[in-house]
>>> print(open('query-v9.cif').read())   # mmCIF, C-alpha atoms and all ligand atoms
data_target
loop_
_atom_site.label_atom_id
_atom_site.label_comp_id
_atom_site.auth_asym_id
_atom_site.auth_seq_id
_atom_site.Cartn_x
_atom_site.Cartn_y
_atom_site.Cartn_z
CA MET A 1 0.00 0.00 0.00
CA THR A 2 1.31 3.45 -0.91
CA ALA A 3 0.28 6.38 1.27
CA TYR A 4 0.70 10.08 0.53
CA VAL A 5 1.42 12.90 2.96
CA LEU A 6 1.13 16.63 2.38
CA VAL A 7 3.57 18.27 4.80
CA GLY A 8 3.28 21.86 6.01
CA THR A 9 6.89 22.90 6.64
CA THR A 10 6.71 26.51 7.84
CA ALA A 11 5.63 27.96 11.16
CA ALA A 12 2.80 29.65 9.27
CA ASP A 13 1.23 26.44 8.02
CA PRO A 14 -0.65 25.37 11.20
CA ALA A 15 -2.68 28.59 10.91
CA ARG A 16 -3.93 27.50 7.49
CA ARG A 17 -4.81 23.98 8.50
CA ALA A 18 -8.28 24.08 6.92
CA GLU A 19 -6.89 25.16 3.55
CA LEU A 20 -4.16 22.51 3.61
CA LEU A 21 -6.55 19.83 4.82
CA ALA A 22 -8.83 20.56 1.88
CA VAL A 23 -5.90 20.20 -0.53
CA ALA A 24 -4.81 16.95 1.15
CA ARG A 25 -8.30 15.49 0.85
CA ARG A 26 -8.58 16.40 -2.83
CA VAL A 27 -5.27 14.69 -3.67
CA GLY A 28 -5.89 11.70 -1.39
CA ALA A 29 -3.17 12.51 1.14
CA GLU A 30 -2.75 12.77 4.89
CA LEU A 31 -1.80 16.16 6.36
CA ALA A 32 1.20 16.55 8.69
CA PHE A 33 3.32 19.42 9.98
CA LEU A 34 7.07 19.72 10.25
CA GLN A 35 6.89 22.26 13.07
CA LEU A 36 4.49 23.93 15.51
CA GLY A 37 1.44 22.01 14.28
CA SER A 38 -0.28 18.70 14.96
CA PRO A 39 -0.13 16.02 13.87
CA GLY A 40 3.63 16.13 13.51
CA LEU A 41 5.25 14.31 10.63
CA GLY A 42 6.68 11.58 12.87
CA THR A 43 3.26 10.85 14.35
CA VAL A 44 1.71 10.45 10.90
CA LEU A 45 4.54 8.27 9.59
CA THR A 46 4.32 6.01 12.65
CA ARG A 47 0.55 5.67 12.23
CA LEU A 48 0.77 4.92 8.51
CA THR A 49 3.42 2.30 9.22
CA GLY A 50 1.15 0.70 11.80
CA ASP A 51 -1.65 0.73 9.24
CA GLY A 52 0.52 -1.31 6.90
CA ALA A 53 1.88 1.30 4.47
CA ALA A 54 4.82 -0.18 2.58
CA ARG A 55 5.63 3.04 0.74
CA VAL A 56 5.00 6.67 1.73
CA VAL A 57 5.38 9.63 -0.63
CA LEU A 58 5.79 13.04 0.99
CA VAL A 59 5.15 16.34 -0.73
CA GLY A 60 5.84 19.53 1.19
CA VAL A 61 4.45 23.02 1.08
CA GLY A 62 6.86 25.77 2.03
CA GLY A 63 7.50 29.47 2.07
CA ALA A 64 10.10 32.21 2.44
CA THR A 65 10.16 31.95 6.24
CA GLY A 66 10.39 28.18 6.35
CA PRO A 67 13.09 25.59 5.76
CA GLY A 68 14.26 24.53 2.33
CA VAL A 69 12.96 21.36 0.72
CA SER A 70 16.10 19.48 1.80
CA TRP A 71 14.94 19.72 5.42
CA LEU A 72 11.90 17.62 4.70
CA ARG A 73 14.16 15.01 3.17
CA ARG A 74 16.60 15.03 6.08
CA ILE A 75 13.94 14.91 8.78
CA THR A 76 12.15 12.11 6.97
CA ALA A 77 15.42 10.17 6.80
CA HIS A 78 16.03 10.71 10.51
CA TRP A 79 12.60 9.29 11.32
CA TRP A 80 13.31 6.29 9.10
CA ALA A 81 16.67 5.58 10.75
CA ALA A 82 15.19 5.90 14.25
CA TYR A 83 12.24 3.62 13.43
CA GLY A 84 14.50 0.83 12.25
CA ALA A 85 13.26 -2.54 11.01
CA GLY A 86 9.79 -2.47 9.53
CA ALA A 87 9.88 1.15 8.38
CA PRO A 88 8.26 1.69 4.98
CA GLU A 89 10.05 2.99 1.92
CA LEU A 90 9.94 6.78 2.03
CA LEU A 91 10.12 9.16 -0.90
CA THR A 92 10.14 12.97 -0.94
CA ALA A 93 9.19 15.28 -3.79
CA PRO A 94 12.04 17.37 -5.25
CA ALA A 95 10.20 20.69 -4.81
CA TYR A 96 7.45 22.20 -2.71
CA LEU A 97 3.88 22.17 -3.96
CA THR A 98 2.87 25.66 -5.03
CA ASP A 99 0.04 24.72 -7.37
CA GLU A 100 -2.28 21.81 -6.66
CA THR A 101 -2.24 20.79 -10.31
CA ALA A 102 1.46 19.92 -9.91
CA TRP A 103 0.71 17.19 -7.33
CA ASP A 104 0.89 14.23 -9.73
CA ASP A 105 4.12 15.46 -11.30
CA LEU A 106 5.78 15.96 -7.90
CA VAL A 107 4.68 12.50 -6.75
CA ALA A 108 6.06 10.97 -9.96
CA ARG A 109 9.41 12.68 -9.42
CA ALA A 110 9.72 11.81 -5.73
CA GLN A 111 13.05 10.24 -4.75
CA PRO A 112 13.62 7.58 -2.11
CA VAL A 113 15.34 8.66 1.09
CA THR A 114 15.47 5.21 2.65
CA GLY A 115 19.09 4.20 3.11
CA ALA A 116 20.29 7.09 0.96
CA GLY A 117 23.28 7.62 3.26
CA PRO A 118 25.50 10.72 2.92
CA GLY A 119 23.97 14.15 2.92
CA LEU A 120 21.06 13.38 5.19
CA ARG A 121 22.76 14.70 8.31
CA SER A 122 23.87 18.28 7.93
CA GLY A 123 27.05 19.26 9.76
CA ALA A 124 25.37 22.61 10.36
CA TRP A 125 23.09 20.87 12.86
CA GLU A 126 25.93 19.75 15.13
CA ASP A 127 26.91 23.07 16.67
CA VAL A 128 25.13 25.88 18.46
CA PRO A 129 25.07 28.81 16.01
CA ARG A 130 27.46 31.69 16.68
CA HIS A 131 24.87 34.43 16.65
CA ARG A 132 25.02 37.67 18.66
CA HIS A 133 21.25 38.06 18.92
CA GLN A 134 18.32 35.71 18.85
CA VAL A 135 15.13 37.28 17.58
CA LEU A 136 11.96 35.47 18.62
CA VAL A 137 8.92 36.15 16.45
CA CYS A 138 5.71 35.11 18.17
CA ARG A 139 3.59 32.89 15.95
CA GLY A 140 0.95 32.25 18.56
CA PRO A 141 -2.70 32.57 17.54
CA ARG A 142 -3.15 36.28 18.27
CA CYS A 143 0.14 37.34 16.73
CA THR A 144 -0.46 35.19 13.66
CA ALA A 145 -3.91 36.74 13.25
CA ALA A 146 -2.35 40.18 13.60
CA GLY A 147 0.13 39.62 10.78
CA ALA A 148 3.14 37.88 12.34
CA GLU A 149 3.74 35.95 9.13
CA GLU A 150 4.39 39.25 7.34
CA THR A 151 6.52 40.36 10.29
CA ALA A 152 8.69 37.26 10.03
CA ALA A 153 8.98 37.61 6.25
CA ALA A 154 10.01 41.26 6.61
CA LEU A 155 12.64 40.35 9.20
CA VAL A 156 14.09 37.74 6.85
CA VAL A 157 14.37 40.35 4.09
CA GLU A 158 15.84 43.05 6.35
CA LEU A 159 18.37 40.72 7.97
CA ALA A 160 19.56 39.62 4.54
CA ARG A 161 19.70 43.22 3.33
CA HIS A 162 22.00 44.10 6.24
CA ASP A 163 23.99 40.88 5.85
CA LEU A 164 23.18 39.76 9.40
CA GLY A 165 22.68 36.11 8.56
CA ASP A 166 25.48 34.90 10.86
CA ASP A 167 24.83 37.44 13.61
CA VAL A 168 21.11 36.98 14.16
CA LEU A 169 19.24 33.75 14.75
CA LEU A 170 15.61 34.22 13.81
CA THR A 171 13.24 31.82 15.56
CA GLN A 172 9.46 31.59 15.41
CA THR A 173 7.70 30.60 18.62
CA GLY A 174 4.36 29.89 20.21
CA CYS A 175 2.55 32.46 22.36
CA GLN A 176 4.89 34.72 24.35
CA PHE A 177 1.94 36.07 26.42
CA PRO A 178 1.49 39.83 25.80
CA CYS A 179 -1.08 38.89 23.15
CA ASN A 180 -2.82 42.26 23.23
CA ARG A 181 0.37 43.79 21.82
CA ALA A 182 0.55 41.50 18.80
CA PRO A 183 2.60 40.94 16.74
CA VAL A 184 5.23 40.47 19.45
CA VAL A 185 8.96 40.21 18.76
CA THR A 186 11.69 39.81 21.39
CA VAL A 187 15.43 40.33 21.06
CA HIS A 188 17.83 38.35 23.26
CA PRO A 189 20.15 38.38 25.15
CA ASP A 190 19.11 42.06 25.37
CA ASP A 191 15.74 41.06 26.89
CA VAL A 192 13.98 43.68 24.79
CA TRP A 193 10.31 43.08 23.98
CA TYR A 194 8.52 44.79 21.12
CA GLY A 195 4.82 45.02 20.31
CA GLY A 196 2.90 45.96 17.20
CA VAL A 197 5.77 44.87 14.98
CA ASP A 198 4.43 45.27 11.48
CA ARG A 199 6.50 45.27 8.31
CA ALA A 200 7.78 48.84 8.83
CA ALA A 201 8.52 48.22 12.50
CA ALA A 202 10.47 45.09 11.61
CA GLY A 203 12.73 47.25 9.46
CA ALA A 204 13.26 49.62 12.37
CA VAL A 205 14.12 46.79 14.77
CA VAL A 206 16.77 45.53 12.37
CA ALA A 207 18.25 48.92 11.42
CA GLU A 208 18.10 50.64 14.81
CA HIS A 209 18.53 47.78 17.27
CA LEU A 210 20.36 44.95 15.54
CA VAL A 211 22.59 47.12 13.31
CA ALA A 212 23.02 50.35 15.30
CA GLY A 213 22.66 48.82 18.75
CA ASN A 214 19.86 51.06 20.01
CA PRO A 215 16.58 49.45 21.08
CA VAL A 216 13.58 51.06 19.38
CA GLU A 217 11.97 52.76 22.37
CA ARG A 218 8.74 53.71 20.55
CA LEU A 219 7.98 50.02 19.96
CA ARG A 220 9.28 48.67 23.25
CA LEU A 221 7.00 46.91 25.73
CA ARG A 222 7.37 47.43 29.45
CA ARG A 223 9.24 44.55 31.02
CA VAL A 224 8.63 44.01 34.75
CA ALA A 225 11.72 42.86 36.58
CA PRO A 226 11.57 39.34 38.04
CA GLY A 227 10.58 39.24 41.72
CA THR A 228 8.70 42.54 41.66
CA THR A 229 4.93 42.99 41.65
CA THR A 230 4.44 46.69 41.31
CA GLY A 231 6.40 47.37 38.26
CA LYS A 232 10.00 48.19 38.26
CA ALA A 233 10.30 48.30 34.53
CA ARG A 234 13.44 47.38 32.68
S1 LIG B 1 -0.03 35.07 20.51
FE1 LIG B 1 1.76 36.31 20.50
S2 LIG B 1 1.99 36.93 22.54
FE2 LIG B 1 0.29 35.59 22.58
#
>>> encode(input="query-v9.cif", output="structure tokens", more="lines below")
Ligand code: FES
Amino acid sequence: MTAYVLVGTTAADPARRAELLAVARRVGAELAFLQLGSPGLGTVLTRLTGDGAARVVLVGVGGATGPGVSWLRRITAHWWAAYGAGAPELLTAPAYLTDETAWDDLVARAQPVTGAGPGLRSGAWEDVPRHRHQVLVCRGPRCTAAGAEETAAALVVELARHDLGDDVLLTQTGCQFPCNRAPVVTVHPDDVWYGGVDRAAAGAVVAEHLVAGNPVERLRLRRVAPGTTTGKAR
């Protein structure tokens, strides 16, 4: 039995579950998520294996703020190696699905990852990155509804424009709690919290804070120091 899985790979994909589920149903596939959404890819692969699938073809959907198509291949291979004996043959499509009409072509061109050997473990995943700042973009429900996907995309563009790829680690997260101030972005280790970070504000955070070293006070959220109740703000 061959099973098919449509895989949402970006942090934005769980928010469009209904849309992706409709696509998956039309093409006869299961839906899984690589990150931040349920069911996770490993859960779906384990279930399909238990259901007797001998072959599983995975086709991803991606975006500018998500991982490249090679990630789907590597993560699929890691699941296969960890599962061990009895794992089905796994194949991944060579490109992300951008148009539903391309489904059959992508499935036909899918390549096996089972036992493929070299290249499935990236050396880049061995070490902690040498960044100066980690920027956390909240992709919780309120921030996502308020445009955090555009915020993340703008940060990617601005960081590249300023050549900060090695200096700044951009990470998308679940709810960071000040939901009323969505979209929320935090910069660490500076412990600076920003609210209302739209596309223009994202540019300011990069240019003024990450490049020039000055937190953007007009966007900054009040941070109450640990151990206080009445509000000694940082
Ligand atoms: S959803 Fe972003 S802070 Fe809660």
>>> residues_near_ligand(input="query-v9.cif", ligand="ligand LIG 1 (chain B)", cutoff="12 Å", atoms="only C-alpha atoms and all ligand atoms", output="PyMOL selection string")
chain A and resi 15+136-149+151+172-186+193-197+221
>>> residues_near_point(input="query-v9.cif", point="(1.6, 12.6, 7.9)", cutoff="8 Å", atoms="all atoms listed in the file", output="short mmCIF file (atom, residue, chain, number, x, y, z; two decimals) with C-alpha atoms, keeping the file's coordinate frame")
data_model
loop_
_atom_site.label_atom_id
_atom_site.label_comp_id
_atom_site.auth_asym_id
_atom_site.auth_seq_id
_atom_site.Cartn_x
_atom_site.Cartn_y
_atom_site.Cartn_z
CA TYR A 4 0.70 10.08 0.53
CA VAL A 5 1.42 12.90 2.96
CA LEU A 6 1.13 16.63 2.38
CA VAL A 7 3.57 18.27 4.80
CA GLU A 30 -2.75 12.77 4.89
CA LEU A 31 -1.80 16.16 6.36
CA ALA A 32 1.20 16.55 8.69
CA PHE A 33 3.32 19.42 9.98
CA PRO A 39 -0.13 16.02 13.87
CA GLY A 40 3.63 16.13 13.51
CA LEU A 41 5.25 14.31 10.63
CA GLY A 42 6.68 11.58 12.87
CA THR A 43 3.26 10.85 14.35
CA VAL A 44 1.71 10.45 10.90
CA LEU A 45 4.54 8.27 9.59
CA LEU A 48 0.77 4.92 8.51
#
>>> closest_residue(input="query-v9.cif", among="A:Glu19, A:Glu126, A:Glu158, A:Asp166", to="Gly203 in chain A", atoms="only C-alpha atoms")
A:Glu158
>>> atom_distance(input="query-v9.cif", atom1="CA of Pro189 in chain A", atom2="CA of Leu210 in chain A")
11.6 Å
>>> atom_distance(input="query-v9.cif", atom1="CA of Trp80 in chain A", atom2="CA of Asp51 in chain A")
16.0 Å
>>> residues_around(input="query-v9.cif", residues="Thr2 in chain A", least_positions_apart="6", cutoff="9 Å", atoms="only C-alpha atoms", output="list in words")
Ala53, Ala54, Arg55, Val56 and Val57 of chain A
>>> closest_residue(input="query-v9.cif", among="A:Thr92, A:Val192, A:His131, A:Ser70", to="Gly165 in chain A", atoms="only C-alpha atoms")
A:His131
>>> axis_aligned_box(input="query-v9.cif", around="range 203-207 of chain A", padding_each_side="8 Å", output="lines of an AutoDock Vina configuration file")
center_x = 15.5
center_y = 47.6
center_z = 12.1
size_x = 21.5
size_y = 20.1
size_z = 21.3
>>> atom_distance(input="query-v9.cif", atom1="CA of Glu100 in chain A", atom2="CA of Trp71 in chain A")
21.1 Å
>>> residues_around(input="query-v9.cif", residues="Gly213 in chain A", least_positions_apart="3", cutoff="12 Å", atoms="only C-alpha atoms", output="PDB file with C-alpha atoms, in the coordinates of the input")
ATOM      1  CA  ARG A 132      25.020  37.670  18.660  1.00  0.00           C
ATOM      2  CA  HIS A 133      21.250  38.060  18.920  1.00  0.00           C
ATOM      3  CA  VAL A 187      15.430  40.330  21.060  1.00  0.00           C
ATOM      4  CA  ASP A 190      19.110  42.060  25.370  1.00  0.00           C
ATOM      5  CA  VAL A 192      13.980  43.680  24.790  1.00  0.00           C
ATOM      6  CA  ALA A 204      13.260  49.620  12.370  1.00  0.00           C
ATOM      7  CA  VAL A 205      14.120  46.790  14.770  1.00  0.00           C
ATOM      8  CA  VAL A 206      16.770  45.530  12.370  1.00  0.00           C
ATOM      9  CA  ALA A 207      18.250  48.920  11.420  1.00  0.00           C
ATOM     10  CA  GLU A 208      18.100  50.640  14.810  1.00  0.00           C
ATOM     11  CA  HIS A 209      18.530  47.780  17.270  1.00  0.00           C
ATOM     12  CA  LEU A 210      20.360  44.950  15.540  1.00  0.00           C
ATOM     13  CA  VAL A 216      13.580  51.060  19.380  1.00  0.00           C
ATOM     14  CA  GLU A 217      11.970  52.760  22.370  1.00  0.00           C
TER      15      GLU A 217
END
>>> closest_residue(input="query-v9.cif", among="A:Ala152, A:Ala93, A:Leu58, A:Val211", to="Arg199 in chain A", atoms="all atoms listed in the file")
A:Ala152
>>> closest_residue(input="query-v9.cif", among="A:Ala24, A:Pro112, A:Asp99, A:Ala12", to="Glu150 in chain A", atoms="all atoms listed in the file")
A:Ala12
>>> closest_residue(input="query-v9.cif", among="A:Ala29, A:Val135, A:Val113, A:Ala201", to="Ala154 in chain A", atoms="only C-alpha atoms")
A:Ala201
>>> closest_residue(input="query-v9.cif", among="A:Val107, A:Asp191, A:Trp125, A:Gly8", to="Arg74 in chain A", atoms="all atoms listed in the file")
A:Trp125
